[in-house]
Structures are given as C-alpha cells and as structure tokens.
$ cat coords19.tsv   # TSV, N, CA and C atoms
chain	number	residue	atom	x	y	z
A	1	MET	N	3.89	-10.84	5.58
A	1	MET	CA	2.44	-10.72	5.66
A	1	MET	C	2.08	-9.46	6.46
A	2	THR	N	1.26	-8.64	5.88
A	2	THR	CA	0.89	-7.40	6.55
A	2	THR	C	-0.31	-7.62	7.48
A	3	ASP	N	-0.31	-6.87	8.56
A	3	ASP	CA	-1.39	-6.91	9.53
A	3	ASP	C	-1.74	-5.47	9.90
A	4	PHE	N	-2.11	-4.69	8.86
A	4	PHE	CA	-2.46	-3.29	9.07
A	4	PHE	C	-3.87	-3.25	9.67
A	5	ARG	N	-4.00	-2.69	10.87
A	5	ARG	CA	-5.27	-2.67	11.58
A	5	ARG	C	-5.83	-1.26	11.60
A	6	ARG	N	-6.93	-1.07	10.92
A	6	ARG	CA	-7.54	0.25	10.83
A	6	ARG	C	-8.13	0.65	12.18
A	7	VAL	N	-7.75	1.82	12.64
A	7	VAL	CA	-8.28	2.36	13.89
A	7	VAL	C	-9.31	3.45	13.56
A	8	THR	N	-8.93	4.36	12.70
A	8	THR	CA	-9.84	5.40	12.21
A	8	THR	C	-9.57	5.55	10.71
A	9	GLU	N	-10.31	6.42	10.08
A	9	GLU	CA	-10.09	6.68	8.66
A	9	GLU	C	-8.66	7.18	8.40
A	10	ASP	N	-8.10	7.89	9.39
A	10	ASP	CA	-6.78	8.50	9.22
A	10	ASP	C	-5.62	7.69	9.80
A	11	LEU	N	-5.90	6.67	10.61
A	11	LEU	CA	-4.82	5.96	11.31
A	11	LEU	C	-5.05	4.46	11.34
A	12	SER	N	-4.00	3.73	11.00
A	12	SER	CA	-3.94	2.28	11.20
A	12	SER	C	-2.68	1.99	11.99
A	13	VAL	N	-2.69	0.88	12.71
A	13	VAL	CA	-1.50	0.45	13.44
A	13	VAL	C	-1.19	-0.98	13.02
A	14	SER	N	0.05	-1.38	13.30
A	14	SER	CA	0.48	-2.71	12.88
A	14	SER	C	1.57	-3.23	13.80
A	15	PRO	N	1.59	-4.55	13.98
A	15	PRO	CA	2.79	-5.15	14.55
A	15	PRO	C	3.95	-4.93	13.58
A	16	GLN	N	5.15	-5.29	14.00
A	16	GLN	CA	6.36	-5.09	13.21
A	16	GLN	C	6.13	-5.41	11.74
A	17	ILE	N	6.50	-4.49	10.88
A	17	ILE	CA	6.42	-4.72	9.44
A	17	ILE	C	7.81	-5.02	8.92
A	18	ALA	N	7.87	-5.60	7.75
A	18	ALA	CA	9.13	-5.81	7.04
A	18	ALA	C	9.39	-4.59	6.16
A	19	VAL	N	10.63	-4.39	5.80
A	19	VAL	CA	10.96	-3.26	4.92
A	19	VAL	C	10.14	-3.34	3.63
A	20	GLU	N	9.92	-4.56	3.13
A	20	GLU	CA	9.15	-4.76	1.90
A	20	GLU	C	7.69	-4.34	2.08
A	21	ASP	N	7.19	-4.34	3.31
A	21	ASP	CA	5.80	-3.95	3.56
A	21	ASP	C	5.56	-2.47	3.34
A	22	VAL	N	6.61	-1.68	3.30
A	22	VAL	CA	6.46	-0.24	3.07
A	22	VAL	C	5.85	-0.01	1.69
A	23	ALA	N	6.32	-0.73	0.68
A	23	ALA	CA	5.76	-0.59	-0.67
A	23	ALA	C	4.30	-1.03	-0.68
A	24	GLU	N	3.98	-2.09	0.07
A	24	GLU	CA	2.60	-2.54	0.16
A	24	GLU	C	1.74	-1.48	0.84
A	25	ALA	N	2.27	-0.84	1.86
A	25	ALA	CA	1.53	0.24	2.53
A	25	ALA	C	1.22	1.35	1.53
A	26	ALA	N	2.18	1.69	0.70
A	26	ALA	CA	1.96	2.72	-0.33
A	26	ALA	C	0.89	2.25	-1.31
A	27	ARG	N	0.94	0.99	-1.73
A	27	ARG	CA	-0.07	0.46	-2.64
A	27	ARG	C	-1.47	0.52	-2.03
A	28	GLN	N	-1.54	0.35	-0.71
A	28	GLN	CA	-2.84	0.39	-0.02
A	28	GLN	C	-3.31	1.82	0.27
A	29	GLY	N	-2.50	2.80	-0.12
A	29	GLY	CA	-2.93	4.18	0.00
A	29	GLY	C	-2.38	4.95	1.20
A	30	PHE	N	-1.57	4.31	2.03
A	30	PHE	CA	-0.98	5.05	3.14
A	30	PHE	C	-0.04	6.11	2.59
A	31	ARG	N	0.05	7.22	3.33
A	31	ARG	CA	0.91	8.32	2.86
A	31	ARG	C	2.00	8.67	3.84
A	32	THR	N	1.86	8.17	5.09
A	32	THR	CA	2.83	8.45	6.14
A	32	THR	C	3.02	7.19	6.99
A	33	ILE	N	4.27	6.96	7.42
A	33	ILE	CA	4.57	5.85	8.32
A	33	ILE	C	5.26	6.41	9.56
A	34	ILE	N	4.81	5.92	10.72
A	34	ILE	CA	5.46	6.25	12.00
A	34	ILE	C	5.99	4.95	12.59
A	35	ASN	N	7.28	4.93	12.87
A	35	ASN	CA	7.93	3.77	13.50
A	35	ASN	C	8.13	4.11	14.98
A	36	ASN	N	7.44	3.38	15.87
A	36	ASN	CA	7.55	3.63	17.31
A	36	ASN	C	8.50	2.67	17.99
A	37	ARG	N	9.27	1.93	17.23
A	37	ARG	CA	10.15	0.93	17.80
A	37	ARG	C	11.60	1.44	17.81
A	38	PRO	N	12.27	1.36	18.98
A	38	PRO	CA	13.67	1.78	19.00
A	38	PRO	C	14.54	0.79	18.22
A	39	ASP	N	15.55	1.32	17.55
A	39	ASP	CA	16.51	0.45	16.86
A	39	ASP	C	17.16	-0.49	17.86
A	40	GLY	N	17.40	-1.73	17.42
A	40	GLY	CA	18.11	-2.69	18.24
A	40	GLY	C	17.28	-3.35	19.33
A	41	GLU	N	15.98	-3.15	19.31
A	41	GLU	CA	15.13	-3.77	20.33
A	41	GLU	C	15.13	-5.30	20.20
A	42	ALA	N	15.22	-5.77	18.97
A	42	ALA	CA	15.30	-7.22	18.71
A	42	ALA	C	16.36	-7.44	17.64
A	43	PRO	N	17.08	-8.57	17.71
A	43	PRO	CA	18.17	-8.79	16.76
A	43	PRO	C	17.72	-8.90	15.30
A	44	ASP	N	16.49	-9.34	15.05
A	44	ASP	CA	16.03	-9.53	13.68
A	44	ASP	C	15.27	-8.33	13.13
A	45	GLN	N	15.26	-7.25	13.86
A	45	GLN	CA	14.50	-6.06	13.49
A	45	GLN	C	15.33	-5.16	12.57
A	46	PRO	N	14.78	-4.77	11.42
A	46	PRO	CA	15.51	-3.84	10.55
A	46	PRO	C	15.66	-2.47	11.21
A	47	PRO	N	16.77	-1.78	10.98
A	47	PRO	CA	16.95	-0.45	11.56
A	47	PRO	C	16.05	0.59	10.89
A	48	SER	N	15.81	1.65	11.62
A	48	SER	CA	14.94	2.73	11.14
A	48	SER	C	15.40	3.27	9.79
A	49	ARG	N	16.69	3.38	9.58
A	49	ARG	CA	17.19	3.97	8.33
A	49	ARG	C	16.73	3.17	7.11
A	50	GLU	N	16.54	1.84	7.27
A	50	GLU	CA	16.05	1.02	6.15
A	50	GLU	C	14.58	1.32	5.86
A	51	PHE	N	13.79	1.53	6.90
A	51	PHE	CA	12.40	1.91	6.69
A	51	PHE	C	12.30	3.30	6.08
A	52	GLU	N	13.15	4.20	6.54
A	52	GLU	CA	13.15	5.55	6.00
A	52	GLU	C	13.47	5.54	4.50
A	53	ALA	N	14.49	4.75	4.11
A	53	ALA	CA	14.85	4.66	2.69
A	53	ALA	C	13.71	4.05	1.87
A	54	ALA	N	13.07	3.01	2.41
A	54	ALA	CA	11.96	2.37	1.70
A	54	ALA	C	10.78	3.32	1.58
A	55	ALA	N	10.51	4.09	2.62
A	55	ALA	CA	9.41	5.05	2.58
A	55	ALA	C	9.71	6.13	1.54
A	56	GLN	N	10.93	6.61	1.54
A	56	GLN	CA	11.31	7.64	0.57
A	56	GLN	C	11.15	7.10	-0.85
A	57	ALA	N	11.60	5.86	-1.08
A	57	ALA	CA	11.48	5.25	-2.40
A	57	ALA	C	10.02	5.08	-2.82
A	58	ALA	N	9.14	4.86	-1.84
A	58	ALA	CA	7.72	4.66	-2.13
A	58	ALA	C	6.93	5.97	-2.12
A	59	GLY	N	7.61	7.09	-1.86
A	59	GLY	CA	6.94	8.38	-1.85
A	59	GLY	C	6.14	8.65	-0.59
A	60	LEU	N	6.51	8.00	0.51
A	60	LEU	CA	5.82	8.17	1.78
A	60	LEU	C	6.63	9.03	2.74
A	61	ALA	N	5.95	9.77	3.58
A	61	ALA	CA	6.62	10.47	4.68
A	61	ALA	C	6.95	9.43	5.74
A	62	TYR	N	8.04	9.64	6.46
A	62	TYR	CA	8.47	8.68	7.48
A	62	TYR	C	8.93	9.42	8.72
A	63	PHE	N	8.48	8.92	9.88
A	63	PHE	CA	8.88	9.49	11.16
A	63	PHE	C	9.28	8.36	12.10
A	64	HIS	N	10.36	8.56	12.83
A	64	HIS	CA	10.81	7.59	13.83
A	64	HIS	C	10.66	8.23	15.20
A	65	VAL	N	9.72	7.70	15.99
A	65	VAL	CA	9.48	8.19	17.35
A	65	VAL	C	9.58	6.96	18.25
A	66	PRO	N	10.83	6.57	18.59
A	66	PRO	CA	11.02	5.34	19.36
A	66	PRO	C	10.52	5.48	20.80
A	67	VAL	N	9.75	4.49	21.24
A	67	VAL	CA	9.19	4.49	22.58
A	67	VAL	C	9.70	3.26	23.32
A	68	VAL	N	10.27	3.48	24.50
A	68	VAL	CA	10.71	2.39	25.36
A	68	VAL	C	9.83	2.44	26.61
A	69	GLY	N	9.12	1.35	26.89
A	69	GLY	CA	8.20	1.37	28.02
A	69	GLY	C	7.01	2.26	27.68
A	70	GLY	N	6.56	3.03	28.65
A	70	GLY	CA	5.45	3.94	28.41
A	70	GLY	C	5.94	5.19	27.71
A	71	PRO	N	5.10	5.78	26.86
A	71	PRO	CA	5.51	6.99	26.15
A	71	PRO	C	5.60	8.19	27.09
A	72	THR	N	6.53	9.08	26.80
A	72	THR	CA	6.66	10.33	27.55
A	72	THR	C	5.62	11.33	27.02
A	73	PRO	N	5.31	12.34	27.81
A	73	PRO	CA	4.39	13.37	27.30
A	73	PRO	C	4.89	14.00	26.00
A	74	GLN	N	6.19	14.18	25.87
A	74	GLN	CA	6.74	14.76	24.63
A	74	GLN	C	6.51	13.83	23.44
A	75	GLN	N	6.67	12.52	23.65
A	75	GLN	CA	6.42	11.56	22.57
A	75	GLN	C	4.94	11.56	22.17
A	76	VAL	N	4.06	11.64	23.17
A	76	VAL	CA	2.62	11.70	22.89
A	76	VAL	C	2.31	12.93	22.05
A	77	GLU	N	2.87	14.06	22.45
A	77	GLU	CA	2.65	15.31	21.72
A	77	GLU	C	3.23	15.24	20.30
A	78	THR	N	4.41	14.65	20.16
A	78	THR	CA	5.04	14.52	18.84
A	78	THR	C	4.19	13.68	17.90
A	79	VAL	N	3.74	12.53	18.38
A	79	VAL	CA	2.92	11.66	17.53
A	79	VAL	C	1.59	12.34	17.20
A	80	ALA	N	0.99	13.01	18.17
A	80	ALA	CA	-0.27	13.72	17.90
A	80	ALA	C	-0.07	14.77	16.81
A	81	ARG	N	1.03	15.50	16.89
A	81	ARG	CA	1.32	16.53	15.88
A	81	ARG	C	1.54	15.90	14.51
A	82	ILE	N	2.29	14.79	14.47
A	82	ILE	CA	2.53	14.11	13.19
A	82	ILE	C	1.21	13.66	12.58
A	83	VAL	N	0.38	12.99	13.38
A	83	VAL	CA	-0.89	12.48	12.85
A	83	VAL	C	-1.78	13.64	12.40
A	84	ASP	N	-1.78	14.74	13.13
A	84	ASP	CA	-2.59	15.90	12.74
A	84	ASP	C	-2.10	16.53	11.44
A	85	ASP	N	-0.78	16.65	11.31
A	85	ASP	CA	-0.20	17.44	10.22
A	85	ASP	C	0.20	16.64	8.99
A	86	ALA	N	0.44	15.35	9.14
A	86	ALA	CA	0.99	14.53	8.05
A	86	ALA	C	-0.07	14.20	7.01
A	87	ALA	N	0.42	13.82	5.84
A	87	ALA	CA	-0.47	13.31	4.80
A	87	ALA	C	-1.10	12.01	5.32
A	88	LYS	N	-2.38	11.87	5.08
A	88	LYS	CA	-3.12	10.73	5.61
A	88	LYS	C	-3.57	9.82	4.48
A	89	PRO	N	-3.82	8.57	4.79
A	89	PRO	CA	-3.78	7.94	6.10
A	89	PRO	C	-2.37	7.63	6.57
A	90	VAL	N	-2.28	7.45	7.90
A	90	VAL	CA	-1.01	7.19	8.58
A	90	VAL	C	-1.00	5.73	9.04
A	91	LEU	N	0.14	5.08	8.89
A	91	LEU	CA	0.37	3.74	9.43
A	91	LEU	C	1.45	3.85	10.49
A	92	ALA	N	1.12	3.46	11.72
A	92	ALA	CA	2.10	3.46	12.81
A	92	ALA	C	2.36	2.02	13.21
A	93	PHE	N	3.63	1.70	13.51
A	93	PHE	CA	3.94	0.34	13.91
A	93	PHE	C	4.97	0.29	15.02
A	94	CYS	N	4.99	-0.85	15.71
A	94	CYS	CA	6.00	-1.18	16.72
A	94	CYS	C	6.06	-2.71	16.76
A	95	ARG	N	6.52	-3.30	17.84
A	95	ARG	CA	6.63	-4.76	17.88
A	95	ARG	C	5.27	-5.44	17.72
A	96	SER	N	4.29	-4.99	18.50
A	96	SER	CA	2.96	-5.62	18.45
A	96	SER	C	1.86	-4.68	17.97
A	97	GLY	N	2.17	-3.41	17.86
A	97	GLY	CA	1.17	-2.39	17.55
A	97	GLY	C	0.64	-1.70	18.79
A	98	THR	N	0.89	-2.28	19.96
A	98	THR	CA	0.34	-1.73	21.20
A	98	THR	C	0.89	-0.35	21.51
A	99	ARG	N	2.20	-0.18	21.46
A	99	ARG	CA	2.77	1.15	21.74
A	99	ARG	C	2.20	2.20	20.80
A	100	SER	N	2.05	1.81	19.53
A	100	SER	CA	1.57	2.77	18.54
A	100	SER	C	0.15	3.23	18.83
A	101	ILE	N	-0.73	2.30	19.18
A	101	ILE	CA	-2.12	2.71	19.47
A	101	ILE	C	-2.21	3.40	20.82
A	102	VAL	N	-1.38	2.99	21.78
A	102	VAL	CA	-1.40	3.64	23.09
A	102	VAL	C	-0.95	5.09	22.98
A	103	ILE	N	0.15	5.34	22.31
A	103	ILE	CA	0.65	6.71	22.21
A	103	ILE	C	-0.35	7.60	21.46
A	104	TRP	N	-0.97	7.06	20.42
A	104	TRP	CA	-1.99	7.82	19.69
A	104	TRP	C	-3.19	8.10	20.59
A	105	SER	N	-3.68	7.08	21.30
A	105	SER	CA	-4.88	7.25	22.12
A	105	SER	C	-4.65	8.23	23.27
A	106	LEU	N	-3.46	8.22	23.84
A	106	LEU	CA	-3.15	9.18	24.90
A	106	LEU	C	-3.21	10.61	24.37
A	107	GLY	N	-2.73	10.80	23.16
A	107	GLY	CA	-2.80	12.12	22.54
A	107	GLY	C	-4.23	12.54	22.26
A	108	GLN	N	-5.03	11.60	21.79
A	108	GLN	CA	-6.44	11.89	21.53
A	108	GLN	C	-7.17	12.26	22.82
A	109	ALA	N	-6.90	11.51	23.89
A	109	ALA	CA	-7.55	11.77	25.18
A	109	ALA	C	-7.09	13.12	25.74
A	110	ALA	N	-5.79	13.41	25.64
A	110	ALA	CA	-5.26	14.65	26.20
A	110	ALA	C	-5.82	15.88	25.49
A	111	SER	N	-6.03	15.76	24.20
A	111	SER	CA	-6.54	16.91	23.44
A	111	SER	C	-8.05	17.05	23.54
A	112	GLY	N	-8.70	16.02	24.05
A	112	GLY	CA	-10.15	16.03	24.09
A	112	GLY	C	-10.80	15.67	22.77
A	113	ALA	N	-10.00	15.23	21.80
A	113	ALA	CA	-10.53	14.90	20.48
A	113	ALA	C	-11.49	13.71	20.54
A	114	ARG	N	-11.19	12.76	21.42
A	114	ARG	CA	-12.04	11.58	21.58
A	114	ARG	C	-12.10	11.23	23.06
A	115	GLY	N	-13.26	10.74	23.47
A	115	GLY	CA	-13.45	10.33	24.86
A	115	GLY	C	-12.94	8.92	25.11
A	116	ARG	N	-12.81	8.58	26.38
A	116	ARG	CA	-12.29	7.28	26.79
A	116	ARG	C	-13.08	6.13	26.18
A	117	ASP	N	-14.40	6.18	26.25
A	117	ASP	CA	-15.21	5.06	25.75
A	117	ASP	C	-15.00	4.84	24.26
A	118	GLU	N	-14.94	5.93	23.50
A	118	GLU	CA	-14.70	5.80	22.06
A	118	GLU	C	-13.32	5.21	21.79
A	119	LEU	N	-12.31	5.68	22.53
A	119	LEU	CA	-10.95	5.17	22.33
A	119	LEU	C	-10.85	3.69	22.68
A	120	VAL	N	-11.49	3.29	23.78
A	120	VAL	CA	-11.46	1.88	24.17
A	120	VAL	C	-12.12	1.03	23.09
A	121	LYS	N	-13.24	1.51	22.53
A	121	LYS	CA	-13.92	0.77	21.47
A	121	LYS	C	-13.06	0.70	20.21
A	122	LEU	N	-12.46	1.81	19.82
A	122	LEU	CA	-11.59	1.80	18.64
A	122	LEU	C	-10.43	0.83	18.84
A	123	GLY	N	-9.85	0.83	20.04
A	123	GLY	CA	-8.78	-0.11	20.34
A	123	GLY	C	-9.25	-1.54	20.26
A	124	ARG	N	-10.38	-1.82	20.88
A	124	ARG	CA	-10.92	-3.19	20.88
A	124	ARG	C	-11.20	-3.65	19.45
A	125	ASP	N	-11.78	-2.77	18.64
A	125	ASP	CA	-12.09	-3.13	17.25
A	125	ASP	C	-10.82	-3.45	16.45
A	126	ALA	N	-9.70	-2.86	16.85
A	126	ALA	CA	-8.42	-3.10	16.17
A	126	ALA	C	-7.63	-4.24	16.84
A	127	GLY	N	-8.17	-4.79	17.93
A	127	GLY	CA	-7.51	-5.92	18.59
A	127	GLY	C	-6.64	-5.55	19.77
A	128	TYR	N	-6.86	-4.36	20.35
A	128	TYR	CA	-6.04	-3.89	21.47
A	128	TYR	C	-6.94	-3.48	22.64
A	129	ASP	N	-6.49	-3.76	23.86
A	129	ASP	CA	-7.24	-3.39	25.05
A	129	ASP	C	-6.64	-2.12	25.64
A	130	LEU	N	-7.36	-1.01	25.48
A	130	LEU	CA	-6.89	0.28	25.98
A	130	LEU	C	-7.53	0.64	27.32
A	131	SER	N	-8.36	-0.22	27.86
A	131	SER	CA	-9.10	0.14	29.07
A	131	SER	C	-8.20	0.46	30.25
A	132	GLY	N	-7.10	-0.24	30.41
A	132	GLY	CA	-6.19	0.02	31.52
A	132	GLY	C	-5.29	1.22	31.29
A	133	VAL	N	-5.09	1.58	30.04
A	133	VAL	CA	-4.19	2.67	29.69
A	133	VAL	C	-4.86	4.02	29.93
A	134	LEU	N	-6.14	4.09	29.63
A	134	LEU	CA	-6.85	5.36	29.64
A	134	LEU	C	-7.54	5.64	30.96
A	135	GLY	N	-7.37	4.75	31.93
A	135	GLY	CA	-8.01	4.95	33.23
A	135	GLY	C	-9.50	4.73	33.14
A	136	GLY	N	-10.16	4.91	34.25
A	136	GLY	CA	-11.49	4.75	34.06
A	136	GLY	C	-12.57	4.52	34.92
$ encode --input "coords19.tsv" --output "structure tokens"
Amino acid sequence: MTDFRRVTEDLSVSPQIAVEDVAEAARQGFRTIINNRPDGEAPDQPPSREFEAAAQAAGLAYFHVPVVGGPTPQQVETVARIVDDAAKPVLAFCRSGTRSIVIWSLGQAASGARGRDELVKLGRDAGYDLSGVLGG
C-alpha cells in the first residue's frame, strides 16, 4: 500500500515503499525517486540496488542518499541539487518519511527558497512536524 504524501507540486515523501511500489510511482507520474534509507537498517528492508533496478525498469531516475541520524550539510546539499535538477515530480522515501522531508526542508531553508513558517505548514499538511527541526 502506497502512502505518497504530496509536499509541493515537485516533491512527495513516503514511508518505506516496496520494490513493487516503484512501478506504481511511475504510473502516478513520478519521474525521480530518492531513497534516504541506508541499506541494512532493518532486516525486512529491500536493498537500494533492488529499488534502482525497479526504477530503471520503470523509466525513473533513482538516487540513493542514505541518512543516519541527522543529515550532514553535504547530504542536504546533495538532495537539494537532485530535487532542483531531476525530472519532476520527485518521490523521496525513508523508514517513516521524516528524514526525507527534513533533509529537503533544511535545503529549502538554507537556500532561502522557502521560509520557516511555510516549511512547517507544508510539513504539517503532509503529516510531519518540522517545527523543532527548523528552529524558531
């Protein structure tokens, strides 16, 4: 069952998806997938290479930017660059979706693309509380 949560026109986030959900993401119009979950984080989690193969088969771009704990500045910059440059819309996922929206929102805040209040609202609308992440 998919739980793709729209954040903006260009970005949705999701809790852990199944490999089969990649084809569904393509059917729903996504063009790029970002996996923010490190391989081996949970025993039942498919490895990144399986998502990459499924994305390739579905004609989607795929990026693996594994985040453990809080994202590093380099990871924030990498995800911001991917979202800016990749074919849209983008679907980013991790275990709960929290890391994916946090890393994106930090990039948005750092670039000045969106203010804190807008980011907190976008997070809340997608089911995530960003108020503690973005300071305030």
$ closest_atom_pairs --input "coords19.tsv" --of "segment 47-113 of chain A" --to "segment 126-134 of chain A" --cutoff "9 Å" --atoms "only C-alpha atoms" --output "JSON lines"
{"residue": "A:Gly97", "atom": "CA", "partner": "A:Tyr128", "partner_atom": "CA", "distance": 8.3}
{"residue": "A:Thr98", "atom": "CA", "partner": "A:Tyr128", "partner_atom": "CA", "distance": 6.7}
{"residue": "A:Ile101", "atom": "CA", "partner": "A:Tyr128", "partner_atom": "CA", "distance": 7.9}
{"residue": "A:Val102", "atom": "CA", "partner": "A:Leu130", "partner_atom": "CA", "distance": 7.1}
{"residue": "A:Ser105", "atom": "CA", "partner": "A:Leu134", "partner_atom": "CA", "distance": 8.0}
{"residue": "A:Leu106", "atom": "CA", "partner": "A:Leu134", "partner_atom": "CA", "distance": 7.1}
{"residue": "A:Ala109", "atom": "CA", "partner": "A:Leu134", "partner_atom": "CA", "distance": 7.8}
$ residues_around --input "coords19.tsv" --residues "Gln75 of chain A" --least-positions-apart "3" --cutoff "8 Å" --atoms "only N, CA and C atoms" --output "list of chain:residue names"
A:Val65, A:Pro66, A:Val67, A:Pro71, A:Thr72, A:Thr78, A:Val79, A:Ala80, A:Arg81, A:Ile103, A:Trp104, A:Gly107
$ write_last_selection --input "coords19.tsv" --atoms "N, CA and C atoms" --output "CSV table (one decimal), in the coordinates of the input"
chain,number,residue,atom,x,y,z
A,65,VAL,N,9.7,7.7,16.0
A,65,VAL,CA,9.5,8.2,17.4
A,65,VAL,C,9.6,7.0,18.2
A,66,PRO,N,10.8,6.6,18.6
A,66,PRO,CA,11.0,5.3,19.4
A,66,PRO,C,10.5,5.5,20.8
A,67,VAL,N,9.8,4.5,21.2
A,67,VAL,CA,9.2,4.5,22.6
A,67,VAL,C,9.7,3.3,23.3
A,71,PRO,N,5.1,5.8,26.9
A,71,PRO,CA,5.5,7.0,26.2
A,71,PRO,C,5.6,8.2,27.1
A,72,THR,N,6.5,9.1,26.8
A,72,THR,CA,6.7,10.3,27.6
A,72,THR,C,5.6,11.3,27.0
A,78,THR,N,4.4,14.6,20.2
A,78,THR,CA,5.0,14.5,18.8
A,78,THR,C,4.2,13.7,17.9
A,79,VAL,N,3.7,12.5,18.4
A,79,VAL,CA,2.9,11.7,17.5
A,79,VAL,C,1.6,12.3,17.2
A,80,ALA,N,1.0,13.0,18.2
A,80,ALA,CA,-0.3,13.7,17.9
A,80,ALA,C,-0.1,14.8,16.8
A,81,ARG,N,1.0,15.5,16.9
A,81,ARG,CA,1.3,16.5,15.9
A,81,ARG,C,1.5,15.9,14.5
A,103,ILE,N,0.2,5.3,22.3
A,103,ILE,CA,0.6,6.7,22.2
A,103,ILE,C,-0.4,7.6,21.5
A,104,TRP,N,-1.0,7.1,20.4
A,104,TRP,CA,-2.0,7.8,19.7
A,104,TRP,C,-3.2,8.1,20.6
A,107,GLY,N,-2.7,10.8,23.2
A,107,GLY,CA,-2.8,12.1,22.5
A,107,GLY,C,-4.2,12.5,22.3
$ residues_around --input "coords19.tsv" --residues "segment 30-38 of chain A" --least-positions-apart "3" --cutoff "7 Å" --atoms "all atoms listed in the file" --output "ChimeraX atom specification"
/A:24-27,41-42,48,59-68,86-95,99-100
$ atom_distance --input "coords19.tsv" --atom1 "atom N of Leu119 of chain A" --atom2 "atom C of Val22 of chain A"
28.2 Å
$ closest_residue --input "coords19.tsv" --among "A:Thr8, A:Gln108, A:Gln28, A:Ser96" --to "Leu122 of chain A" --atoms "only N, CA and C atoms"
A:Thr8
$ select_by_dssp --input "coords19.tsv" --residues "chain A" --states "strand (DSSP E)" --output "list in words"
Arg5, Arg6, Leu11, Ser12, Val13, Ser14, Thr32, Ile33, Ile34, Asn35, Ala61, Tyr62, Phe63, His64, Val90, Leu91, Ala92 and Phe93 of chain A
$ select_by_dssp --input "coords19.tsv" --residues "chain A" --states "alpha helix (DSSP H)" --output "JSON, numbers by chain"
{"A": [21, 22, 23, 24, 25, 26, 27, 48, 49, 50, 51, 52, 53, 54, 55, 56, 57, 58, 73, 74, 75, 76, 77, 78, 79, 80, 81, 82, 83, 84, 85, 98, 99, 100, 101, 102, 103, 104, 105, 106, 107, 108, 109, 110, 111, 116, 117, 118, 119, 120, 121, 122, 123, 124, 125, 126]}
$ closest_residue --input "coords19.tsv" --among "A:Ala18, A:Arg6, A:Val83, A:Ala23" --to "Asp125 of chain A" --atoms "only N, CA and C atoms"
A:Arg6
$ decode --input "coords19.tsv" --residues "segment 109-132 of chain A" --atoms "C-alpha atoms" --output "mmCIF file, in the first residue's frame"
data_model
loop_
_atom_site.group_PDB
_atom_site.id
_atom_site.type_symbol
_atom_site.label_atom_id
_atom_site.label_comp_id
_atom_site.auth_asym_id
_atom_site.auth_seq_id
_atom_site.Cartn_x
_atom_site.Cartn_y
_atom_site.Cartn_z
ATOM 1 C CA ALA A 109 15.606 26.897 4.385
ATOM 2 C CA ALA A 110 19.354 27.136 3.687
ATOM 3 C CA SER A 111 18.812 28.385 0.149
ATOM 4 C CA GLY A 112 16.145 30.853 1.190
ATOM 5 C CA ALA A 113 13.707 29.234 -1.239
ATOM 6 C CA ARG A 114 11.061 28.905 1.480
ATOM 7 C CA GLY A 115 10.680 30.425 4.921
ATOM 8 C CA ARG A 116 10.300 28.536 8.183
ATOM 9 C CA ASP A 117 6.553 29.132 8.522
ATOM 10 C CA GLU A 118 5.855 27.861 5.006
ATOM 11 C CA LEU A 119 8.029 24.786 5.553
ATOM 12 C CA VAL A 120 6.363 23.983 8.887
ATOM 13 C CA LYS A 121 2.943 24.267 7.216
ATOM 14 C CA LEU A 122 3.977 22.090 4.264
ATOM 15 C CA GLY A 123 5.315 19.509 6.712
ATOM 16 C CA ARG A 124 2.169 19.598 8.838
ATOM 17 C CA ASP A 125 -0.041 19.232 5.749
ATOM 18 C CA ALA A 126 1.949 16.108 4.812
ATOM 19 C CA GLY A 127 1.757 14.705 8.359
ATOM 20 C CA TYR A 128 5.176 15.739 9.688
ATOM 21 C CA ASP A 129 6.167 18.181 12.444
ATOM 22 C CA LEU A 130 9.097 20.287 11.245
ATOM 23 C CA SER A 131 8.814 22.962 13.936
ATOM 24 C CA GLY A 132 11.654 21.561 16.052
#
